[in-house]
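J.: File follows, entry_38.cif with mmCIF, C-alpha atoms:
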```cif
data_data
loop_
_atom_site.label_atom_id
_atom_site.label_comp_id
_atom_site.auth_asym_id
_atom_site.auth_seq_id
_atom_site.Cartn_x
_atom_site.Cartn_y
_atom_site.Cartn_z
CA MET A 20 47.29 7.26 1.68
CA LYS A 21 45.19 7.18 -1.46
CA LYS A 22 41.57 7.99 -0.72
CA GLN A 23 39.22 5.09 -0.88
CA VAL A 24 35.86 4.73 0.78
CA ALA A 25 34.77 1.30 1.97
CA ILE A 26 30.98 1.09 1.89
CA ILE A 27 29.92 -1.61 4.32
CA ASN A 28 26.95 -3.45 2.93
CA CYS A 29 25.36 -4.05 6.32
CA ILE A 30 21.86 -3.55 5.07
CA GLY A 31 21.80 -5.47 1.85
CA SER A 32 19.57 -2.80 0.38
CA ASN A 33 19.81 -0.21 -2.30
CA LEU A 34 23.25 1.39 -2.51
CA ALA A 35 22.79 2.92 -5.97
CA SER A 36 22.21 6.49 -4.76
CA LEU A 37 25.23 6.51 -2.50
CA LYS A 38 27.52 5.03 -5.15
CA PHE A 39 26.39 7.58 -7.72
CA ALA A 40 26.81 10.42 -5.19
CA LEU A 41 30.45 9.37 -4.60
CA ASP A 42 30.98 9.06 -8.36
CA ARG A 43 29.76 12.61 -8.79
CA ILE A 44 32.45 13.93 -6.43
CA ASN A 45 35.09 11.63 -7.98
CA ILE A 46 35.74 9.51 -4.92
CA ASN A 47 36.84 5.89 -5.30
CA PHE A 48 34.91 3.34 -3.31
CA ILE A 49 34.48 -0.36 -2.83
CA VAL A 50 31.48 -2.16 -1.41
CA THR A 51 32.81 -4.74 0.99
CA ASN A 52 32.33 -6.66 4.21
CA GLU A 53 35.95 -7.96 4.24
CA VAL A 54 37.84 -7.00 7.39
CA SER A 55 41.13 -6.25 5.64
CA GLN A 56 39.51 -4.16 2.92
CA ILE A 57 37.56 -2.17 5.48
CA ARG A 58 40.66 -1.58 7.65
CA ASN A 59 42.79 -0.57 4.68
CA SER A 60 40.37 2.03 3.35
CA SER A 61 40.95 5.68 4.18
CA HIS A 62 37.25 6.25 4.92
CA VAL A 63 34.34 3.99 5.80
CA ILE A 64 30.60 4.51 5.26
CA LEU A 65 27.74 2.56 6.83
CA PRO A 66 24.72 3.38 4.69
CA GLY A 67 21.27 2.56 5.77
CA VAL A 68 17.70 2.08 4.94
CA GLY A 69 15.98 -0.73 6.76
CA ALA A 70 15.69 -2.06 10.29
CA ALA A 71 18.28 -1.85 13.09
CA LYS A 72 17.96 -5.50 14.06
CA ASN A 73 18.59 -6.72 10.52
CA ALA A 74 21.62 -4.47 10.18
CA MET A 75 23.11 -5.67 13.49
CA ASN A 76 22.44 -9.30 12.56
CA LYS A 77 24.15 -8.79 9.24
CA LEU A 78 27.23 -7.19 10.87
CA SER A 79 27.30 -10.04 13.37
CA GLN A 80 27.02 -12.77 10.71
CA GLN A 81 29.83 -11.14 8.78
CA GLU A 82 31.88 -10.98 12.03
CA ILE A 83 32.68 -7.31 11.56
CA ILE A 84 31.17 -5.75 14.68
CA GLU A 85 34.55 -5.43 16.42
CA THR A 86 36.15 -4.25 13.19
CA VAL A 87 33.72 -1.36 12.95
CA ILE A 88 33.98 -0.39 16.61
CA ASP A 89 37.81 -0.37 16.40
CA LEU A 90 38.03 1.75 13.23
CA SER A 91 40.28 4.78 13.56
CA GLN A 92 39.73 6.34 10.11
CA PRO A 93 36.83 8.74 9.46
CA THR A 94 33.66 6.62 9.54
CA LEU A 95 30.26 7.91 8.48
CA GLY A 96 26.94 6.33 9.38
CA ILE A 97 24.00 7.51 7.28
CA CYS A 98 20.48 7.32 8.69
CA LEU A 99 20.17 3.73 10.02
CA GLY A 100 23.98 3.56 9.79
CA MET A 101 24.09 6.40 12.33
CA GLN A 102 21.41 4.86 14.51
CA ILE A 103 23.36 1.62 14.97
CA PHE A 104 26.34 3.67 16.26
CA MET A 105 24.25 4.17 19.42
CA GLU A 106 24.09 1.84 22.41
CA TYR A 107 20.65 0.57 21.54
CA SER A 108 17.62 1.31 19.41
CA GLU A 109 14.00 1.16 20.45
CA GLU A 110 13.39 -0.50 17.08
CA ASN A 111 12.71 -4.10 18.20
CA ASP A 112 14.82 -3.37 21.32
CA THR A 113 18.06 -3.83 19.46
CA SER A 114 21.49 -3.73 21.05
CA CYS A 115 23.71 -1.65 18.80
CA LEU A 116 27.40 -0.82 18.46
CA GLY A 117 27.68 1.44 21.51
CA ILE A 118 30.11 3.89 19.92
CA PHE A 119 27.90 6.69 21.21
CA ASN A 120 26.14 6.49 24.57
CA ASP A 121 22.42 6.79 24.68
CA GLY A 122 19.81 5.22 22.47
CA CYS A 123 17.68 5.75 19.47
CA LYS A 124 14.01 6.52 20.04
CA LEU A 125 10.78 6.13 18.08
CA PHE A 126 8.94 9.35 17.23
CA LYS A 127 5.71 9.73 19.14
CA ILE A 128 2.79 9.92 16.78
CA GLU A 129 1.27 13.37 17.11
CA GLU A 130 -1.18 15.27 15.01
CA ASP A 131 0.53 17.04 12.10
CA TYR A 132 3.67 14.93 12.56
CA PRO A 133 3.24 11.71 10.62
CA VAL A 134 5.75 8.92 11.15
CA PRO A 135 7.95 8.15 9.25
CA HIS A 136 9.31 11.67 9.14
CA MET A 137 9.97 12.20 5.48
CA GLY A 138 11.04 15.27 3.60
CA TRP A 139 13.29 18.30 3.48
CA ASN A 140 14.10 19.88 6.84
CA THR A 141 16.45 22.64 7.88
CA ILE A 142 19.31 21.99 10.26
CA GLU A 143 20.66 24.19 13.01
CA LEU A 144 24.38 24.08 13.65
CA GLU A 145 25.06 23.31 17.32
CA SER A 146 28.84 22.97 17.49
CA PRO A 147 31.67 23.45 15.01
CA SER A 148 32.95 20.57 12.89
CA ASN A 149 34.92 20.23 9.67
CA LEU A 150 32.02 18.19 8.37
CA THR A 151 29.82 21.28 8.14
CA THR A 152 32.36 23.62 6.52
CA GLY A 153 30.49 25.69 3.92
CA ILE A 154 27.08 24.69 5.30
CA ASN A 155 24.91 27.44 6.73
CA ASN A 156 22.26 27.35 9.40
CA GLU A 157 18.82 26.66 7.97
CA THR A 158 20.17 24.56 5.10
CA HIS A 159 17.69 21.90 3.95
CA PHE A 160 18.55 18.21 3.96
CA TYR A 161 16.46 15.17 3.05
CA PHE A 162 15.22 12.97 5.92
CA VAL A 163 13.40 9.63 5.90
CA HIS A 164 13.13 7.93 9.30
CA SER A 165 10.90 6.78 12.16
CA TYR A 166 13.58 6.60 14.87
CA TYR A 167 15.84 9.43 16.00
CA VAL A 168 18.87 10.17 18.13
CA PRO A 169 17.98 12.71 20.86
CA LEU A 170 20.15 15.78 21.39
CA CYS A 171 23.37 14.85 23.19
CA SER A 172 26.82 16.26 23.90
CA GLU A 173 28.00 14.90 20.52
CA THR A 174 25.30 16.72 18.53
CA ILE A 175 26.90 18.83 15.78
CA ALA A 176 23.63 19.89 14.16
CA SER A 177 19.98 19.52 15.10
CA THR A 178 16.64 19.45 13.33
CA THR A 179 13.17 19.98 14.68
CA TYR A 180 10.24 17.78 13.79
CA SER A 181 7.71 16.93 16.50
CA GLU A 182 10.70 17.58 18.72
CA LYS A 183 14.29 18.69 18.35
CA PHE A 184 16.75 15.85 17.65
CA SER A 185 20.26 15.18 16.34
CA ALA A 186 20.79 15.71 12.60
CA ILE A 187 24.56 15.20 12.81
CA ILE A 188 26.58 13.62 15.61
CA GLN A 189 30.33 13.30 15.90
CA LYS A 190 32.62 11.53 18.36
CA ASP A 191 36.30 11.33 17.44
CA ASN A 192 36.43 9.69 14.00
CA PHE A 193 32.79 8.57 14.04
CA ILE A 194 30.18 10.78 12.38
CA GLY A 195 26.50 10.14 11.85
CA THR A 196 23.99 12.00 9.72
CA GLN A 197 20.30 11.31 10.21
CA PHE A 198 19.57 12.82 6.78
CA HIS A 199 20.66 11.36 3.46
CA PRO A 200 23.50 13.49 2.04
CA GLU A 201 23.37 11.40 -1.15
CA LYS A 202 19.81 12.64 -1.73
CA SER A 203 20.20 16.20 -0.49
CA GLY A 204 21.21 18.00 -3.67
CA GLU A 205 24.33 20.16 -3.78
CA GLN A 206 24.41 20.72 -0.03
CA GLY A 207 24.50 16.96 0.47
CA SER A 208 27.46 16.71 -1.91
CA ILE A 209 29.28 19.29 0.23
CA ILE A 210 28.80 17.09 3.30
CA LEU A 211 30.15 14.01 1.47
CA ARG A 212 33.05 16.04 0.11
CA ASN A 213 33.84 17.39 3.59
CA PHE A 214 33.71 13.85 4.97
CA THR A 215 36.12 12.48 2.39
CA ASP A 216 38.43 15.47 3.06
CA LEU A 217 38.71 14.51 6.74
CA MET B 23 7.48 17.74 -10.67
CA VAL B 24 6.46 15.01 -13.04
CA VAL B 25 8.07 13.58 -16.08
CA LYS B 26 5.63 11.60 -18.16
CA GLY B 27 7.00 9.16 -20.69
CA VAL B 28 5.53 6.55 -22.93
CA LYS B 29 8.76 5.26 -24.38
CA PHE B 30 11.23 5.23 -21.50
CA ARG B 31 13.10 2.34 -23.08
CA ASN B 32 14.05 4.28 -26.17
CA HIS B 33 17.62 5.62 -25.81
CA LYS B 34 16.83 9.01 -27.23
CA VAL B 35 13.95 9.37 -24.81
CA VAL B 36 16.03 8.25 -21.83
CA GLY B 37 18.57 10.95 -22.73
CA ASP B 38 15.77 13.49 -22.96
CA ILE B 39 14.19 12.61 -19.62
CA ILE B 40 17.57 12.73 -17.91
CA ASP B 41 18.24 16.20 -19.36
CA LEU B 42 14.83 17.29 -18.20
CA ALA B 43 15.22 15.74 -14.75
CA SER B 44 18.67 17.34 -14.32
CA LYS B 45 17.29 20.71 -15.36
CA TYR B 46 14.44 20.52 -12.84
CA SER B 47 16.75 19.27 -10.13
CA HIS B 48 19.12 22.23 -10.67
CA GLN B 49 16.21 24.66 -10.69
CA GLY B 50 15.24 23.47 -7.23
CA ALA B 51 12.56 20.77 -7.60
CA ASP B 52 12.33 18.91 -4.29
CA GLU B 53 11.29 15.62 -5.82
CA ILE B 54 10.62 14.24 -9.27
CA VAL B 55 7.95 11.70 -10.18
CA PHE B 56 8.38 9.63 -13.32
CA TYR B 57 5.25 8.20 -14.83
CA ASP B 58 6.29 5.19 -16.88
CA ILE B 59 3.03 4.64 -18.66
CA THR B 60 4.16 1.99 -21.11
CA ALA B 61 1.85 -0.97 -20.76
CA SER B 62 3.74 -4.14 -19.91
CA PRO B 63 3.21 -6.84 -22.54
CA GLU B 64 1.59 -9.94 -21.14
CA GLY B 65 4.05 -12.16 -19.31
CA ARG B 66 7.14 -10.18 -20.32
CA ARG B 67 9.47 -8.37 -17.95
CA VAL B 68 9.66 -4.64 -18.48
CA ASP B 69 13.14 -3.17 -18.85
CA ARG B 70 13.50 -0.49 -16.19
CA SER B 71 17.21 0.19 -16.43
CA TRP B 72 16.40 3.83 -17.22
CA VAL B 73 15.69 4.21 -13.48
CA ASN B 74 19.36 3.51 -12.82
CA GLU B 75 20.36 6.22 -15.31
CA VAL B 76 18.13 8.70 -13.51
CA ALA B 77 19.70 7.80 -10.15
CA ARG B 78 23.15 8.34 -11.67
CA HIS B 79 22.28 11.88 -12.70
CA ILE B 80 20.10 13.44 -10.04
CA ASN B 81 20.79 13.89 -6.35
CA ILE B 82 17.31 14.54 -5.03
CA PRO B 83 14.61 11.99 -4.19
CA PHE B 84 12.58 10.54 -7.01
CA CYS B 85 9.55 8.37 -7.36
CA VAL B 86 8.54 5.98 -10.12
CA ALA B 87 4.91 5.42 -10.97
CA GLY B 88 3.16 3.25 -13.51
CA GLY B 89 2.77 -0.46 -14.08
CA ILE B 90 3.96 -1.57 -10.63
CA LYS B 91 1.89 -4.65 -9.87
CA SER B 92 4.11 -6.78 -7.66
CA ILE B 93 6.90 -6.93 -5.09
CA VAL B 94 9.29 -7.88 -7.89
CA ASP B 95 8.44 -4.77 -9.91
CA ALA B 96 8.89 -2.57 -6.85
CA GLU B 97 12.11 -4.20 -5.72
CA GLU B 98 13.72 -3.75 -9.10
CA ILE B 99 12.85 -0.06 -9.24
CA LEU B 100 14.12 0.57 -5.70
CA ASN B 101 17.32 -1.37 -6.36
CA PHE B 102 17.94 0.77 -9.41
CA GLY B 103 18.00 3.77 -7.06
CA ALA B 104 14.46 5.15 -6.88
CA ASP B 105 13.38 6.33 -3.43
CA LYS B 106 9.70 5.66 -3.74
CA ILE B 107 7.23 3.79 -5.87
CA SER B 108 3.74 5.03 -6.54
CA ILE B 109 0.79 2.79 -7.26
CA ASN B 110 -2.70 3.69 -8.34
CA THR B 111 -4.93 1.28 -10.31
CA PRO B 112 -3.10 -1.87 -9.06
CA ALA B 113 -3.84 -0.72 -5.50
CA ILE B 114 -7.53 -0.49 -6.35
CA ASN B 115 -7.53 -3.92 -8.01
CA GLN B 116 -5.57 -5.61 -5.22
CA PRO B 117 -5.51 -3.42 -2.08
CA LYS B 118 -3.34 -5.98 -0.24
CA LEU B 119 -0.47 -4.93 -2.51
CA ILE B 120 -0.17 -1.78 -0.37
CA ASN B 121 0.30 -3.89 2.79
CA THR B 122 2.79 -6.18 1.10
CA LEU B 123 4.88 -3.30 -0.23
CA ALA B 124 4.80 -1.39 3.07
CA ASP B 125 5.80 -4.49 5.06
CA LYS B 126 8.65 -5.32 2.75
CA PHE B 127 10.08 -1.87 1.98
CA GLY B 128 8.63 0.42 4.65
CA SER B 129 5.84 2.96 4.39
CA GLN B 130 8.30 5.68 3.43
CA CYS B 131 8.67 4.08 -0.04
CA VAL B 132 5.02 3.52 -0.71
CA VAL B 133 3.04 6.30 -2.35
CA VAL B 134 -0.55 5.75 -3.37
CA GLY B 135 -1.93 7.87 -6.17
CA ILE B 136 -5.64 8.54 -6.12
CA ASP B 137 -7.57 9.96 -9.06
CA SER B 138 -10.64 11.60 -7.68
CA CYS B 139 -13.56 13.50 -9.12
CA GLN B 140 -16.72 15.06 -7.74
CA MET B 141 -20.08 13.56 -8.62
CA ASN B 142 -23.39 14.45 -6.95
CA ASP B 143 -21.77 16.26 -4.00
CA GLN B 144 -19.47 13.32 -3.30
CA TYR B 145 -15.90 12.60 -4.31
CA TYR B 146 -15.28 9.25 -6.01
CA VAL B 147 -12.16 7.32 -6.96
CA TYR B 148 -11.47 6.60 -10.63
CA SER B 149 -9.21 3.92 -12.07
CA TYR B 150 -7.42 3.34 -15.37
CA THR B 151 -7.19 7.10 -15.89
CA GLY B 152 -4.11 6.57 -18.10
CA ASP B 153 -6.45 5.45 -20.89
CA PRO B 154 -9.57 7.59 -21.55
CA ASP B 155 -11.40 4.60 -23.05
CA LYS B 156 -10.86 2.44 -19.97
CA THR B 157 -11.30 5.08 -17.25
CA LYS B 158 -14.00 4.06 -14.82
CA GLN B 159 -15.56 5.21 -11.62
CA THR B 160 -14.80 2.58 -8.99
CA GLY B 161 -17.73 3.22 -6.70
CA LYS B 162 -15.27 3.94 -3.86
CA LEU B 163 -15.67 7.20 -1.98
CA THR B 164 -12.38 9.11 -2.01
CA ALA B 165 -12.50 9.76 1.75
CA GLU B 166 -13.00 6.05 2.49
CA TRP B 167 -10.23 5.00 0.14
CA LEU B 168 -7.89 7.61 1.67
CA LYS B 169 -8.43 6.08 5.11
CA GLU B 170 -8.06 2.53 3.81
CA VAL B 171 -4.76 3.09 2.00
CA GLN B 172 -3.30 4.69 5.13
CA ASP B 173 -4.46 1.76 7.27
CA ARG B 174 -2.77 -0.54 4.79
CA GLY B 175 0.53 1.30 5.10
CA ALA B 176 0.71 4.04 2.46
CA GLY B 177 3.29 6.60 3.56
CA GLU B 178 2.19 9.36 1.21
CA ILE B 179 -0.81 10.14 -0.94
CA VAL B 180 -0.95 12.03 -4.21
CA LEU B 181 -4.48 13.26 -4.72
CA ASN B 182 -5.04 13.98 -8.37
CA CYS B 183 -8.22 15.98 -8.80
CA ILE B 184 -9.09 14.88 -12.30
CA ASN B 185 -11.73 17.49 -13.00
CA GLN B 186 -8.87 20.01 -12.73
CA ASP B 187 -6.15 17.95 -14.40
CA GLY B 188 -4.56 19.48 -17.47
CA VAL B 189 -6.85 22.53 -17.52
CA ARG B 190 -4.48 24.83 -15.59
CA LYS B 191 -7.30 26.65 -13.73
CA GLY B 192 -5.84 26.06 -10.29
CA TYR B 193 -5.75 23.24 -7.78
CA ASP B 194 -9.05 21.93 -6.41
CA ILE B 195 -8.72 23.72 -3.07
CA LEU B 196 -12.14 22.63 -1.83
CA GLN B 197 -11.55 18.95 -2.42
CA LEU B 198 -7.98 19.04 -1.13
CA SER B 199 -9.00 20.85 2.09
CA GLU B 200 -11.79 18.37 2.62
CA MET B 201 -9.55 15.33 2.02
CA LYS B 202 -6.70 16.74 4.11
CA ARG B 203 -8.93 16.11 7.13
CA PHE B 204 -8.77 12.36 6.46
CA SER B 205 -5.05 12.27 5.84
CA ASP B 206 -2.50 11.62 8.58
CA VAL B 207 0.34 11.11 6.09
CA PRO B 208 1.68 13.75 3.71
CA LEU B 209 -0.95 14.70 1.12
CA ILE B 210 0.32 15.98 -2.20
CA ALA B 211 -1.89 18.13 -4.40
CA SER B 212 -2.03 17.28 -8.07
CA GLY B 213 -3.98 18.57 -11.04
CA GLY B 214 -4.74 22.08 -12.17
CA ALA B 215 -1.61 24.20 -11.69
CA GLY B 216 -1.46 26.97 -14.27
CA THR B 217 0.10 29.98 -12.57
CA ILE B 218 2.47 30.67 -9.68
CA ASP B 219 -0.46 31.97 -7.63
CA HIS B 220 -2.17 28.60 -7.90
CA PHE B 221 0.74 27.14 -5.93
CA VAL B 222 0.53 29.92 -3.34
CA ASP B 223 -3.21 29.30 -3.00
CA VAL B 224 -2.94 25.56 -2.53
CA PHE B 225 -0.33 25.92 0.22
CA LEU B 226 -2.10 28.76 2.02
CA LYS B 227 -5.66 27.48 1.68
CA SER B 228 -5.51 23.70 1.83
CA ASP B 229 -2.50 22.92 4.03
CA VAL B 230 -1.15 20.18 1.74
CA SER B 231 2.42 18.93 2.23
CA GLY B 232 3.41 19.38 -1.38
CA ALA B 233 2.19 20.32 -4.81
CA LEU B 234 2.84 18.40 -7.97
CA ALA B 235 2.69 19.75 -11.50
CA ALA B 236 3.83 18.76 -14.94
CA SER B 237 2.69 20.74 -17.95
CA VAL B 238 3.45 24.22 -16.58
CA PHE B 239 7.07 23.16 -16.20
CA HIS B 240 7.34 21.19 -19.43
CA LYS B 241 5.84 24.05 -21.41
CA ASP B 242 8.11 26.59 -19.69
CA ILE B 243 5.13 28.52 -18.36
CA ILE B 244 6.66 28.50 -14.87
CA LYS B 245 10.30 28.25 -13.91
CA ILE B 246 10.80 26.33 -10.66
CA SER B 247 13.31 28.82 -9.27
CA ASP B 248 10.86 31.73 -9.80
CA LEU B 249 8.07 29.69 -8.26
CA LYS B 250 10.05 28.94 -5.12
CA THR B 251 11.18 32.53 -4.66
CA HIS B 252 7.56 33.63 -4.94
CA LEU B 253 6.43 31.00 -2.41
CA LYS B 254 9.07 32.20 0.01
CA ASP B 255 7.92 35.82 -0.47
CA ASN B 256 4.49 34.57 0.60
CA LYS B 257 5.96 33.14 3.81
CA ILE B 258 5.59 29.54 2.67
CA GLU B 259 8.49 27.41 3.83
CA VAL B 260 10.51 26.23 0.84
CA ARG B 261 14.01 25.00 0.11
CA LEU B 262 15.87 27.52 -2.02
#
```
Kindly return the structure encoded in the file as structure tokens.
T.:
Amino acid sequence: MKKQVAIINCIGSNLASLKFALDRININFIVTNEVSQIRNSSHVILPGVGAAKNAMNKLSQQEIIETVIDLSQPTLGICLGMQIFMEYSEENDTSCLGIFNDGCKLFKIEEDYPVPHMGWNTIELESPSNLTTGINNETHFYFVHSYYVPLCSETIASTTYSEKFSAIIQKDNFIGTQFHPEKSGEQGSIILRNFTDL
Amino acid sequence: MVVKGVKFRNHKVVGDIIDLASKYSHQGADEIVFYDITASPEGRRVDRSWVNEVARHINIPFCVAGGIKSIVDAEEILNFGADKISINTPAINQPKLINTLADKFGSQCVVVGIDSCQMNDQYYVYSYTGDPDKTKQTGKLTAEWLKEVQDRGAGEIVLNCINQDGVRKGYDILQLSEMKRFSDVPLIASGGAGTIDHFVDVFLKSDVSGALAASVFHKDIIKISDLKTHLKDNKIEVRL
């Protein structure tokens, strides 16, 4: 099948960076909320900046919740996109897609750890995945978030802020990155390239 | 890393700033700030499509500063692909703008720039520093303003110590250390960088989250890759 990424516009926010990042690695994409277009794409991305409740409402209004849950092609959730893969988020007590068990938590505010967590952090590889081929331990990625997915059996890579949490999770065809690969320089491009090679 | 431009709408200039931004991004800059200091003509919309061109070419976070006075200005810049917007004088003139921007786009997008200078043993905020004829002391104490902008939702603060700005004699370690105590969000040092050791000093002595500089990079006095290697040699955590 010809490679084509369907970017689900579940957030209604800025997609420019992601589109340009895919352009830079010569990957075709469409931005769509149409069931047939999503199903017929070889890869799917749920981008995300914004609030979990808004994103879930948008998916629900577009009647694509079941479509997303039933996807069998490689599907990447970025930041909020990853967080809504969980069962719930503490952000406004939102019920999410439930692809992964467990929920998404708010960082506790502690001295020296302002929330949102924002900036370049290193990741630690926890278990092997094709997504991290060519990525070393201690590689920096760019994070911007207030909620996090705790470590779990699906954690592929972790990061430590005020506590250690999931930087990448993977369950079957579903992958989530808490960081923004589209903003993480060359190393971020490697992650997107690895994803589209799955 | 800062790119200052007065004519961002000129095609030649847009090409130049993109070349510059790409160069800095490849050399390892962690973030780039663009100061669009063109004054907006009364009642006319400013063309900011250059922001989209920047987003097309660089794959690290970038921030746009200058002339952002409303939600509409901010929204356009973010939709064109910027990660953050930075406001300075408009925040002083209408502090509620910080709340409005943080509520609408999240604190992570909202940077407040503060121009500060020492006078009679106190640090004061200055406004309109883009134009030497209009620059004025606002009467606000820097420490008080730092606290207020955080309460209103600023997610990051760039503290530009204007007595040091452009003179390349080093960051204002004393002021930055003092102001760091009032800052619960990332505080970025600005003004005064002239040598690689100035960067080492500011990280080791004032515990800021980042350091911003312009002229030393534009004038090829310091290469970012050399700077970062040197910081790492001094046990300062950097992305190489």
J.: Give the answer as one residue: which of B:Val189, B:Ile136, B:Ile82, B:Leu262 has the shortest atom-to-atom distance to chain A, using only C-alpha atoms?
T.: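 That would be B:Ile82, the residue with the smallest distance to chain A.
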J.: Using the chain letters and numbers from the file, which residues does the PyMOL selection byres ((chain B and resi 92) around 9) grab, as an MDAnalysis selection string?
T.: chainID B and resid 90:91 93:97 112 119 122:123
J.: I need the chosen residues saved as a PDB file, keeping the file's coordinate frame, with C-alpha atoms.
T.:
```pdb
ATOM      1  CA  ILE B  90       3.960  -1.570 -10.630  1.00  0.00           C
ATOM      2  CA  LYS B  91       1.890  -4.650  -9.870  1.00  0.00           C
ATOM      3  CA  ILE B  93       6.900  -6.930  -5.090  1.00  0.00           C
ATOM      4  CA  VAL B  94       9.290  -7.880  -7.890  1.00  0.00           C
ATOM      5  CA  ASP B  95       8.440  -4.770  -9.910  1.00  0.00           C
ATOM      6  CA  ALA B  96       8.890  -2.570  -6.850  1.00  0.00           C
ATOM      7  CA  GLU B  97      12.110  -4.200  -5.720  1.00  0.00           C
ATOM      8  CA  PRO B 112      -3.100  -1.870  -9.060  1.00  0.00           C
ATOM      9  CA  LEU B 119      -0.470  -4.930  -2.510  1.00  0.00           C
ATOM     10  CA  THR B 122       2.790  -6.180   1.100  1.00  0.00           C
ATOM     11  CA  LEU B 123       4.880  -3.300  -0.230  1.00  0.00           C
TER      12      LEU B 123
END
```
J.: Could you spell out the hits of the PyMOL selection byres ((chain A and resi 45) around 12) on the shown file, as a count of residues only?
T.: 17
J.: Do you have, as a tab-separated table, the list of residues of chain A lying at most 7 Å from chain B, each with its nearest atom pair and that distance in Å to one decimal, counting all atoms listed in the file and ordered by chain then number?
T.:
```
residue	atom	partner	partner_atom	distance
A:Asn33	CA	B:Asn101	CA	4.9
A:Ala35	CA	B:Gly103	CA	5.0
A:Ser36	CA	B:Gly103	CA	5.5
A:Phe39	CA	B:Arg78	CA	5.2
A:Pro133	CA	B:Val207	CA	5.4
A:Pro135	CA	B:Gln130	CA	6.3
A:His159	CA	B:Arg261	CA	6.2
A:Val163	CA	B:Gln130	CA	6.9
A:Glu201	CA	B:Asn81	CA	6.3
A:Lys202	CA	B:Ile82	CA	4.6
A:Ser203	CA	B:Ile82	CA	5.6
A:Gly204	CA	B:Asn81	CA	4.9
```
J.: Quick one: distance from CA of Asn213 (chain A) to CA of Thr152 (chain A) in Å, one decimal?
T.: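 Taking CA of Asn213 (chain A) as the start and CA of Thr152 (chain A) as the end point, the length is 7.0 Å.
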J.: If the PyMOL selection byres ((chain A and resi 114) around 9) were run on this exact file, what residues would it hold? Put them as a ChimeraX atom specification.
T.: /A:71-72,75,103,105-109,112-113,115-117
J.: With a distance cut-off of 12 Å and only C-alpha atoms, select the neighbouring residues of Phe119 (chain A), excluding the residue or stretch itself and same-chain residues fewer than 2 positions from it, and output the selection as a PyMOL selection string.
T.: chain A and resi 88+96+101-108+115-117+121-123+168-174+188-195
J.: For Lys191 (chain B), work out the shell of residues within 9 Å, counting all atoms listed in the file and skipping chain neighbours fewer than 4 positions away, then give it as a PyMOL selection string.
T.: chain B and resi 186-187+214-217+220
J.: Rounded to one decimal in Å, what is the spacing between CA of Gly135 (chain B) and CA of Asp69 (chain B)?
T.: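 Distance between the two atoms: 22.6 Å.
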J.: For CA of Asp137 (chain B) and CA of Leu181 (chain B), quote the distance in Å rounded to one decimal.
T.: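 The value is 6.3 Å.
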J.: Choose the residue, out of A:Glu182, A:Tyr161, A:Ala70, A:Leu65, that has the smallest atom-to-atom separation from Asp125 (chain B); count only C-alpha atoms.
T.: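 Of the candidates, the smallest distance to Asp125 (chain B) is held by A:Ala70.
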J.: Of the residues A:Cys98, A:Leu34, A:Leu217, A:Ile49, which is the one nearest to Thr151 (chain A), using only C-alpha atoms?
T.: A:Leu217
J.: Calculated over only C-alpha atoms, which of the candidates A:Thr51, A:Ser185, A:Gln56, A:Ala74 has the smallest distance to Cys29 (chain A)?
T.: A:Ala74
J.: Which one of A:Asn52, A:Ile57, A:Pro200, A:Tyr166 sits closest to His136 (chain A) if you count all atoms listed in the file?
T.: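 For His136 (chain A), the nearest of the candidates is A:Tyr166.
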J.: Tell me which of A:Thr94, A:Asn156, A:Thr141, A:Ser55 sits closest to Phe214 (chain A), counting only C-alpha atoms.
T.: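 Of all the options, A:Thr94 lies closest to Phe214 (chain A).
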